[in-house]
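Engineer: Got a structure for you, questions after.
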Amino acid sequence: MTEDTTRGAPREADEWTGWRAATERALYGPGGFFRRERPAAHFRTSVHASPLFAGAVAELLRRVDADLGHPGELALVDIGAGAGELVSGVLEAFGDPRLRVFAVEKAPRPAGLDARVQWCAEPPRGVRGLLFANEWLDNVPVDVAQTDAHGVARYVLVRARDGAERLGGPVDGADAAWLDRWWPLTGAEEGTRAEIGRWRDAAWADATACLDAGLAVAVDYGHTAGTRPPYGTLTAFREGREISPAVPDGSSDITAHVAMDACAAPGAVLTTQREALHALGVTGARPPLALASTDPAGYVRALAGAGQAAELTAPTGLGAFLWLSLAVPPGRAAQAAGTGGKLGA
């Protein structure tokens, strides 16, 4: 990697720019990857792995509904809705006319989606219920920093045409403050990298502020202080395959794991998907063998469900995803990003 003294600012696609600007353009600009592609065609999430995941979200929604005292109108807000797979599954499992469903996505509304789903580019405001963001934060673009031969953290610049990189100017301002607090590079060896997540923190705070009361949950690949990857995680996916090096030309998904503890507001709870799904009744336990004699078809269905649950909760697979949950007490929408505590408090 060569070094350049210019700082990464948005320029034409064939010039050098920071990773955040390049990713924003590649994913969400005119003709960007997520404006023309459906995520399911390129990668498999928990939603695609099994209907048990939507069933678990429906169970979580029931618990939120009870905590809120069964309001006359209950909202489900799905951030990064893809083709609406999750909201469709929750609608089927929940089955309550009080439910208002919002699918938040920048791509056009898919054909055939249930008419009860409101398709929107931005989250609604002032609603009560459950906000759920499954593998959304990893697609909120980040800048990348790397230490040079003198131990100075510099912006990594990238050329969209081929993914070539070089070092730009020193990381400064709010980005430097974020690194110092959440992903310090001071004293790190040359080539150590970090992904600057302050824009993700802001995006999550803004999303949770849409709730007047309820629960906000973000589910993603993630890490916390003490487990930061020394060379970062930024990569690309296309048609189910990892693309290396990542090229921000709009031909693939650009993603990076999330510093979940940085996103967490006071009062938030961080747990693994395995623990969260177990608490919602998805355990992967095999059905009793006696069922095979009394109800063979039911036994086969239960066995298939156990296999799906095992995949969703595998400790080295989907079960290792992190769930970040924030309870938003009624009437505190303006403070949603910084308030925890029990619902109804």
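Letters A, B, ... go to the chains of the structure tokens in the order shown; residues in each chain start at 1; ligands are counted from 1 in the same order.
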Would you mind listing what lies within 12 Å of A:Val77 as a PyMOL selection string, with only C-alpha atoms counted and same-chain residues fewer than 3 positions away left out?
Structural biologist: chain A and resi 57+61+74+80-81+84+86-87+90-91+99-105+117-134+207-208+210-211+214-218
Engineer: When you look at A:Trp183 with a cut-off of 12 Å (counting only C-alpha atoms), what residues show up, excluding the ones that are within fewer than 2 positions of it in the same chain? I need them as an MDAnalysis selection string.
Structural biologist: chainID A and resid 144:146 153 175:181 185:186 188 192:198 223:232 258:262
Engineer: Excluding A:Val247 and residues on its chain fewer than 2 positions from it, collect all residues at most 7 Å away from it, counting only C-alpha atoms, and give them as a list in words.
Structural biologist: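 So, after excluding close chain neighbours, the residues are Ala160, Asp162, Gly163, Pro245 and Asp249 of chain A.
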Engineer: To one decimal place, how far is atom CA of A:Asp201 from atom CA of A:Thr233 in Å?
Structural biologist: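 Between atom CA of A:Asp201 and atom CA of A:Thr233 the gap works out to 17.4 Å.
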Engineer: Could you pull out the strand (DSSP E) residues of stretch 195-322 of chain A, going by DSSP on the backbone, and write them as a PyMOL selection string?
Structural biologist: chain A and resi 195-196+211-220+222-223+235-238+241-243+253-255+258-259+269-272+322
Engineer: Please, which residues of stretch 5-239 of chain A, numbered as in this document, come out helix (DSSP H, G or I) from DSSP, as a ChimeraX atom specification?
Structural biologist: /A:19-28,33-36,39-41,46-49,51-67,85-94,137-139,173-182,198-208
Engineer: Got time to write the residues from that selection, C-alpha atoms, as a short mmCIF file (atom, residue, chain, number, x, y, z; two decimals), in the first residue's frame?
Structural biologist:
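And here is the file that came out, selection-v8.cif:
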data_model
loop_
_atom_site.label_atom_id
_atom_site.label_comp_id
_atom_site.auth_asym_id
_atom_site.auth_seq_id
_atom_site.Cartn_x
_atom_site.Cartn_y
_atom_site.Cartn_z
CA TRP A 19 -14.19 3.74 2.35
CA ARG A 20 -17.36 5.25 3.82
CA ALA A 21 -18.02 7.48 0.82
CA ALA A 22 -17.10 4.71 -1.61
CA THR A 23 -19.38 2.19 0.14
CA GLU A 24 -22.28 4.63 0.38
CA ARG A 25 -22.12 5.19 -3.35
CA ALA A 26 -21.63 1.49 -4.16
CA LEU A 27 -24.52 0.26 -2.02
CA TYR A 28 -27.05 3.09 -1.99
CA PHE A 33 -26.15 -2.74 -5.11
CA PHE A 34 -29.03 -2.62 -2.61
CA ARG A 35 -31.19 -0.50 -4.90
CA ARG A 36 -31.25 -3.18 -7.57
CA PRO A 39 -30.10 -9.64 -0.31
CA ALA A 40 -31.37 -13.25 -0.36
CA ALA A 41 -29.77 -13.73 -3.77
CA SER A 46 -31.28 -16.10 9.96
CA VAL A 47 -34.52 -14.97 8.33
CA HIS A 48 -33.75 -17.13 5.30
CA ALA A 49 -32.46 -20.07 7.36
CA PRO A 51 -39.30 -19.64 9.68
CA LEU A 52 -38.49 -20.27 13.33
CA PHE A 53 -36.64 -16.95 13.35
CA ALA A 54 -39.74 -14.98 12.34
CA GLY A 55 -41.68 -17.01 14.90
CA ALA A 56 -39.22 -15.98 17.59
CA VAL A 57 -39.55 -12.32 16.59
CA ALA A 58 -43.34 -12.73 16.76
CA GLU A 59 -42.97 -14.14 20.29
CA LEU A 60 -40.78 -11.18 21.22
CA LEU A 61 -43.44 -8.86 19.81
CA ARG A 62 -46.07 -10.58 22.00
CA ARG A 63 -43.94 -9.92 25.06
CA VAL A 64 -43.47 -6.27 24.08
CA ASP A 65 -47.23 -6.01 23.54
CA ALA A 66 -47.86 -7.36 27.04
CA ASP A 67 -45.28 -5.02 28.59
CA GLU A 85 -39.29 -11.89 4.38
CA LEU A 86 -39.21 -11.16 8.12
CA VAL A 87 -42.32 -8.97 8.26
CA SER A 88 -44.22 -11.50 6.16
CA GLY A 89 -43.29 -14.27 8.58
CA VAL A 90 -44.20 -12.21 11.65
CA LEU A 91 -47.54 -11.21 10.13
CA GLU A 92 -48.38 -14.86 9.60
CA ALA A 93 -47.31 -15.86 13.10
CA PHE A 94 -48.73 -12.89 15.03
CA LEU A 137 -25.83 -2.09 10.88
CA ASP A 138 -23.10 -4.06 9.10
CA ASN A 139 -24.20 -2.33 5.89
CA GLY A 173 -11.68 15.18 14.79
CA ALA A 174 -14.68 13.09 15.81
CA ASP A 175 -13.25 10.03 14.05
CA ALA A 176 -10.06 10.20 16.13
CA ALA A 177 -12.11 10.63 19.31
CA TRP A 178 -14.20 7.57 18.41
CA LEU A 179 -11.07 5.48 17.81
CA ASP A 180 -9.50 6.59 21.08
CA ARG A 181 -12.60 5.51 23.02
CA TRP A 182 -13.71 2.38 21.19
CA ARG A 198 -19.43 6.43 14.79
CA TRP A 199 -21.83 6.72 11.84
CA ARG A 200 -23.34 3.39 12.84
CA ASP A 201 -23.75 4.63 16.40
CA ALA A 202 -25.61 7.66 15.07
CA ALA A 203 -27.75 5.56 12.70
CA TRP A 204 -28.82 3.24 15.50
CA ALA A 205 -29.57 6.15 17.86
CA ASP A 206 -31.71 7.75 15.15
CA ALA A 207 -33.54 4.49 14.46
CA THR A 208 -34.37 3.86 18.11
#
Engineer: In Å, with one decimal, what is the gap from atom CA of A:His70 to atom CA of A:Thr271?
Structural biologist: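 Going from atom CA of A:His70 over to atom CA of A:Thr271, I get 26.3 Å.
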Engineer: For A:Leu167, which residue out of A:Val152, A:Leu76, A:Ala213, A:Leu113 is the nearest one, using only C-alpha atoms?
Structural biologist: A:Val152
Engineer: Could you check which of A:Pro248, A:Gly32, A:Pro71, A:Pro170 is closest to A:His150, using only C-alpha atoms?
Structural biologist: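 Ranking A:Pro248, A:Gly32, A:Pro71, A:Pro170 by distance to A:His150, first place goes to A:Pro170.
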